[in-house]
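Next comes my_file36.txt, with compact mmCIF, C-alpha atoms.
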# COMPACT_ATOMS: atom_id res chain seq x y z
CA MET P 1 -71.17 53.77 185.70
CA ASP P 2 -73.22 55.30 188.45
CA ASP P 3 -76.97 55.86 187.95
CA ILE P 4 -76.37 59.55 188.70
CA PRO P 5 -76.86 61.73 185.57
CA GLU P 6 -73.66 62.71 183.77
CA PRO P 7 -73.87 66.45 184.58
CA GLU P 8 -73.82 65.62 188.30
CA ARG P 9 -70.66 63.54 187.80
CA THR P 10 -68.88 66.18 185.70
CA ILE P 11 -66.38 68.91 186.46
CA GLN P 12 -66.15 71.44 183.63
CA LEU P 13 -63.23 73.83 183.22
CA ARG P 14 -62.89 76.66 180.70
CA PHE P 15 -60.19 78.89 179.29
CA SER P 16 -60.89 81.76 176.87
CA LYS P 17 -58.54 84.18 175.19
CA THR P 18 -58.79 86.69 172.36
CA PHE P 19 -55.82 86.85 170.02
CA GLY P 20 -54.91 88.53 166.74
CA GLN P 21 -53.48 85.61 164.80
CA ASN P 22 -55.13 83.88 161.85
CA PRO P 23 -57.13 80.85 163.09
CA GLN P 24 -55.36 78.67 160.52
CA HIS P 25 -52.26 79.05 162.70
CA VAL P 26 -54.21 77.54 165.62
CA PHE P 27 -55.08 74.49 163.53
CA TYR P 28 -51.48 74.19 162.30
CA PHE P 29 -50.41 74.25 165.96
CA LEU P 30 -53.02 71.61 166.87
CA LYS P 31 -52.14 69.38 163.90
CA HIS P 32 -48.52 69.37 165.05
CA LEU P 33 -49.17 69.54 168.80
CA ASP P 34 -46.61 66.80 169.45
CA ARG P 35 -43.87 69.37 168.55
CA TRP P 36 -44.91 71.76 171.32
CA TYR P 37 -46.86 69.82 173.95
CA LEU P 38 -44.01 69.24 176.40
CA GLN P 39 -43.11 72.96 176.16
CA LEU P 40 -46.57 74.11 177.29
CA THR P 41 -45.86 73.38 180.95
CA PRO P 42 -43.17 71.44 182.82
CA GLU P 43 -46.01 69.35 184.25
CA HIS P 44 -46.47 67.63 180.88
CA LYS P 45 -44.54 64.36 181.00
CA LYS P 46 -45.44 62.48 177.81
CA PHE P 47 -47.25 63.04 174.51
CA VAL P 48 -46.91 60.30 171.90
CA LEU P 49 -48.86 59.94 168.67
CA LEU P 50 -49.65 56.23 168.38
CA ASN P 51 -51.22 55.73 164.96
CA SER P 52 -50.57 58.92 163.00
CA LYS P 53 -47.80 61.39 162.24
CA GLU P 54 -50.03 64.37 163.09
CA LEU P 55 -53.29 65.15 164.85
CA GLU P 56 -56.28 64.41 162.66
CA ILE P 57 -59.60 62.68 163.18
CA GLY P 58 -58.91 59.21 164.54
CA ALA P 59 -55.38 60.00 165.75
CA GLN P 60 -54.61 58.43 169.12
CA ILE P 61 -52.38 60.08 171.71
CA GLU P 62 -50.82 58.68 174.85
CA ASP P 63 -50.44 61.51 177.33
CA GLU P 64 -49.19 61.83 180.93
CA GLU P 65 -49.35 64.90 183.17
CA LYS P 66 -48.67 65.84 186.79
CA SER P 67 -50.05 68.83 188.62
CA GLY P 68 -50.53 69.75 192.27
CA GLY P 69 -49.86 66.24 193.59
CA GLN P 70 -52.14 64.71 190.96
CA TYR P 71 -51.00 62.42 188.15
CA ILE P 72 -53.16 61.55 185.17
CA LYS P 73 -52.67 59.31 182.18
CA HIS P 74 -54.86 59.65 179.07
CA LEU P 75 -55.35 57.72 175.85
CA TYR P 76 -56.93 60.42 173.72
CA THR P 77 -58.57 60.03 170.32
CA VAL P 78 -59.13 63.08 168.10
CA THR P 79 -62.86 63.08 167.35
CA GLN P 80 -63.22 66.44 165.58
CA PHE P 81 -60.74 68.47 163.55
CA ASP P 82 -62.55 71.05 161.42
CA PRO P 83 -60.72 74.34 160.75
CA GLY P 84 -63.67 75.59 158.66
CA ALA P 85 -66.07 75.22 161.59
CA GLY P 86 -63.39 76.30 164.08
CA ILE P 87 -63.61 73.18 166.25
CA PHE P 88 -61.15 70.63 167.57
CA GLN P 89 -62.00 67.87 170.02
CA MET P 90 -60.24 64.92 171.60
CA GLU P 91 -61.61 62.43 174.10
CA SER P 92 -60.14 59.89 176.48
CA PRO P 93 -62.57 57.12 177.48
CA ALA P 94 -60.88 56.27 180.81
CA SER P 95 -58.21 58.47 182.32
CA ARG P 96 -56.46 57.13 185.41
CA VAL P 97 -55.98 59.71 188.17
CA VAL P 98 -53.66 59.20 191.14
CA VAL P 99 -53.57 61.74 193.98
CA TRP P 100 -50.45 61.89 196.15
CA GLY P 101 -49.56 58.38 195.00
CA ILE P 102 -52.31 56.93 197.21
CA PHE P 103 -55.85 57.71 196.04
CA ARG P 104 -57.05 56.51 192.65
CA PHE P 105 -60.11 57.12 190.51
CA GLN P 106 -61.06 57.24 186.84
CA ASN P 107 -62.83 59.68 184.63
CA ARG P 108 -63.53 60.24 180.96
CA THR P 109 -61.88 63.37 179.66
CA GLU P 110 -63.05 65.58 176.79
CA LEU P 111 -61.18 68.62 175.48
CA THR P 112 -62.96 70.87 172.98
CA ILE P 113 -61.37 73.96 171.45
CA ARG P 114 -63.57 76.41 169.54
CA LEU P 115 -62.53 79.46 167.53
CA LYS P 116 -64.87 82.32 166.69
CA ASP P 117 -64.34 85.57 164.85
CA ALA P 118 -64.32 88.37 167.44
CA GLY P 119 -64.19 91.12 164.81
CA ASP P 120 -61.46 93.58 163.81
CA GLY P 121 -59.08 90.72 162.91
CA ALA P 122 -59.29 89.17 166.37
CA TYR P 123 -60.43 85.67 167.26
CA MET P 124 -61.77 84.16 170.46
CA MET P 125 -60.42 80.76 171.42
CA THR P 126 -62.36 78.84 174.05
CA ALA P 127 -61.12 75.55 175.49
CA ASP P 128 -63.56 73.43 177.48
CA LEU P 129 -62.26 70.52 179.52
CA ARG P 130 -64.86 68.08 180.86
CA LEU P 131 -63.90 65.52 183.50
CA ILE P 132 -66.72 62.96 183.64
CA PHE P 133 -66.38 60.68 186.63
CA ALA P 134 -67.58 57.08 186.80
CA SER P 135 -69.55 57.80 189.96
CA LYS P 136 -70.70 60.63 192.19
CA THR P 137 -68.33 59.24 194.84
CA ASP P 138 -65.34 59.63 192.48
CA LYS P 139 -66.42 63.19 191.68
CA ASP P 140 -66.77 63.94 195.39
CA LYS P 141 -63.23 62.62 195.96
CA ALA P 142 -61.96 64.78 193.10
CA VAL P 143 -63.64 67.87 194.59
CA PHE P 144 -62.18 67.05 198.01
CA PHE P 145 -58.70 66.93 196.46
CA LYS P 146 -59.40 70.23 194.67
CA THR P 147 -59.09 68.65 191.23
CA ASP P 148 -61.04 71.53 189.71
CA ARG P 149 -58.59 74.14 191.08
CA VAL P 150 -55.49 72.10 190.29
CA TRP P 151 -56.48 71.41 186.69
CA GLN P 152 -57.91 74.91 186.07
CA LYS P 153 -54.55 76.39 187.05
CA HIS P 154 -52.79 73.80 184.86
CA MET P 155 -55.13 74.50 181.93
CA ASP P 156 -54.67 78.28 182.25
CA ALA P 157 -50.87 77.87 182.14
CA GLU P 158 -50.80 75.47 179.19
CA MET P 159 -53.37 77.38 177.12
CA THR P 160 -51.68 80.74 177.78
CA LYS P 161 -48.41 79.24 176.52
CA ALA P 162 -50.22 77.67 173.54
CA VAL P 163 -51.64 81.06 172.54
CA SER P 164 -48.19 82.64 172.79
CA ILE P 165 -46.77 79.92 170.51
CA VAL P 166 -49.63 80.38 168.02
CA GLU P 167 -49.08 84.14 168.03
CA SER P 168 -45.38 83.58 167.21
CA LEU P 169 -46.17 81.48 164.12
CA GLN P 170 -45.73 83.25 160.79

Could you show the structure in this file as structure tokens?
Amino acid sequence: MDDIPEPERTIQLRFSKTFGQNPQHVFYFLKHLDRWYLQLTPEHKKFVLLNSKELEIGAQIEDEEKSGGQYIKHLYTVTQFDPGAGIFQMESPASRVVVWGIFRFQNRTELTIRLKDAGDGAYMMTADLRLIFASKTDKDKAVFFKTDRVWQKHMDAEMTKAVSIVESLQ
């Protein structure tokens, strides 16, 4: 790791949406994400639960995605799954990124989803995606290749589809 502080090596992306469905449906969706993951966007290539039949704390997931000429492979672990507190988190210690099949770098990846009561039967879902690069140089390369724009667009598409699936659950 670089001696540069983590915030200076991090790209943070966010998606927020208000919806009218019970938050328990969101956690049902997350628990069984393997059923829907490949439907969220055609850019999702693989989602395999390795040590569990559903997402729960400690579950490991092998995941592959492509977007805007970028390919990334994760080995996520679910670190938080608390419907009562409205929080879900999974982390990948070293995600391999390949841009246009030529350039390579690594970053840690953290996805945190939070649900809050927005009043009048509505809930706010916020998803934060943190890409924490091993060095400032890797982050600079990622910025040069517009990683933030590519993955924000990808995140917006997948989370919009996720909300529509959650809203269809009865």

Report, in Å with one decimal, the straight-line distance from CA of Lys161 in chain P to CA of Gln39 in chain P. 8.2 Å

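Between CA of Lys116 in chain P and CA of Thr18 in chain P the interatomic distance comes to 9.4 Å.
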
Mind checking which residues fall within 7 Å of Gln80 in chain P, counting all atoms listed in the file, ignoring those fewer than 5 positions away in the same chain, and posting them as a PyMOL selection string? chain P and resi 57+87-90

For Val78 in chain P, which residue out of P:Lys66, P:Arg96, P:Leu55, P:Val48 is the nearest one, using all atoms listed in the file? P:Leu55

Residue neighbourhood Ile61 in chain P, 9 Å, only C-alpha atoms, exclusion window fewer than 5 positions, as a ChimeraX atom specification: /P:47-52,55,74-78

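CA of Lys53 in chain P lies 14.1 Å from CA of Trp36 in chain P.
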
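With only C-alpha atoms as the atoms that count, the residue of P:Gln70, P:Asn22, P:Ser16, P:Gln60 with the shortest distance to Arg104 in chain P is P:Gln70.
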
Could you name the residues that touch Lys45 in chain P at 9 Å or less, counting only C-alpha atoms, but leaving out those on the same chain fewer than 3 positions away, as a ChimeraX atom specification? /P:38,42,63-66

So that I can see what lies close to Ala127 in chain P, please list as an NGL selection string the residues with an atom at most 6 Å from it, counting only C-alpha atoms and leaving out residues fewer than 3 positions away in the same chain. :P and (14-15 or 112-113)

Okay, now the selection with C-alpha atoms, as an mmCIF file, in the coordinates of the input?
data_model
loop_
_atom_site.group_PDB
_atom_site.id
_atom_site.type_symbol
_atom_site.label_atom_id
_atom_site.label_comp_id
_atom_site.auth_asym_id
_atom_site.auth_seq_id
_atom_site.Cartn_x
_atom_site.Cartn_y
_atom_site.Cartn_z
ATOM 1 C CA ARG P 14 -62.890 76.660 180.700
ATOM 2 C CA PHE P 15 -60.190 78.890 179.290
ATOM 3 C CA THR P 112 -62.960 70.870 172.980
ATOM 4 C CA ILE P 113 -61.370 73.960 171.450
#

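The nearest approach to Glu6 in chain P among the residues P:Met124, P:Ser67, P:Lys141, P:Phe133, with all atoms listed in the file taken into account, belongs to P:Phe133.
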
Which neighbours of Arg130 in chain P fall inside 7 Å, counting all atoms listed in the file, when residues of the same chain fewer than 3 positions from it are skipped, and could you give them as a ChimeraX atom specification? /P:10-13,109-111

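With distances taken over all atoms listed in the file, P:Tyr123 is the one residue among P:Glu56, P:Ala134, P:Tyr123, P:Val99 lying closest to Gln24 in chain P.
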
With distances taken over all atoms listed in the file, the candidate from P:Asp120, P:Asp34, P:Glu43, P:Glu62 nearest Ser95 in chain P is P:Glu62

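When only C-alpha atoms are used to measure the gap to Pro93 in chain P, the shortest distance among P:Leu129, P:Arg108, P:Tyr28, P:Val150 belongs to P:Arg108.
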
Show me that you can extract range 112-146 of chain P, keeping C-alpha atoms, and write it as a PDB file, in the first residue's frame.
ATOM      1  CA  THR P 112     -22.769  -0.421   1.663  1.00  0.00           C
ATOM      2  CA  ILE P 113     -26.544  -0.188   1.339  1.00  0.00           C
ATOM      3  CA  ARG P 114     -28.510   1.765   3.945  1.00  0.00           C
ATOM      4  CA  LEU P 115     -32.270   2.076   4.343  1.00  0.00           C
ATOM      5  CA  LYS P 116     -33.957   4.896   6.241  1.00  0.00           C
ATOM      6  CA  ASP P 117     -37.589   5.715   6.851  1.00  0.00           C
ATOM      7  CA  ALA P 118     -38.462   8.718   4.659  1.00  0.00           C
ATOM      8  CA  GLY P 119     -41.943   9.097   6.166  1.00  0.00           C
ATOM      9  CA  ASP P 120     -45.426   8.491   4.747  1.00  0.00           C
ATOM     10  CA  GLY P 121     -44.617   4.807   4.081  1.00  0.00           C
ATOM     11  CA  ALA P 122     -41.620   5.642   1.896  1.00  0.00           C
ATOM     12  CA  TYR P 123     -38.029   4.570   2.426  1.00  0.00           C
ATOM     13  CA  MET P 124     -34.741   5.987   1.204  1.00  0.00           C
ATOM     14  CA  MET P 125     -32.183   3.491  -0.043  1.00  0.00           C
ATOM     15  CA  THR P 126     -28.621   4.737  -0.398  1.00  0.00           C
ATOM     16  CA  ALA P 127     -25.864   2.619  -1.918  1.00  0.00           C
ATOM     17  CA  ASP P 128     -22.268   3.736  -1.443  1.00  0.00           C
ATOM     18  CA  LEU P 129     -19.528   2.100  -3.488  1.00  0.00           C
ATOM     19  CA  ARG P 130     -15.949   2.803  -2.412  1.00  0.00           C
ATOM     20  CA  LEU P 131     -13.045   1.889  -4.682  1.00  0.00           C
ATOM     21  CA  ILE P 132      -9.878   2.073  -2.570  1.00  0.00           C
ATOM     22  CA  PHE P 133      -6.771   1.880  -4.707  1.00  0.00           C
ATOM     23  CA  ALA P 134      -3.430   0.431  -3.614  1.00  0.00           C
ATOM     24  CA  SER P 135      -1.632   3.615  -4.621  1.00  0.00           C
ATOM     25  CA  LYS P 136      -2.248   7.169  -5.746  1.00  0.00           C
ATOM     26  CA  THR P 137      -0.799   6.135  -9.126  1.00  0.00           C
ATOM     27  CA  ASP P 138      -3.469   3.416  -9.511  1.00  0.00           C
ATOM     28  CA  LYS P 139      -6.181   5.920  -8.591  1.00  0.00           C
ATOM     29  CA  ASP P 140      -4.773   8.407 -11.108  1.00  0.00           C
ATOM     30  CA  LYS P 141      -4.880   5.691 -13.800  1.00  0.00           C
ATOM     31  CA  ALA P 142      -8.478   4.891 -12.842  1.00  0.00           C
ATOM     32  CA  VAL P 143      -9.448   8.574 -13.101  1.00  0.00           C
ATOM     33  CA  PHE P 144      -7.693   8.830 -16.473  1.00  0.00           C
ATOM     34  CA  PHE P 145      -9.763   5.877 -17.734  1.00  0.00           C
ATOM     35  CA  LYS P 146     -12.919   7.510 -16.324  1.00  0.00           C
TER      36      LYS P 146
END
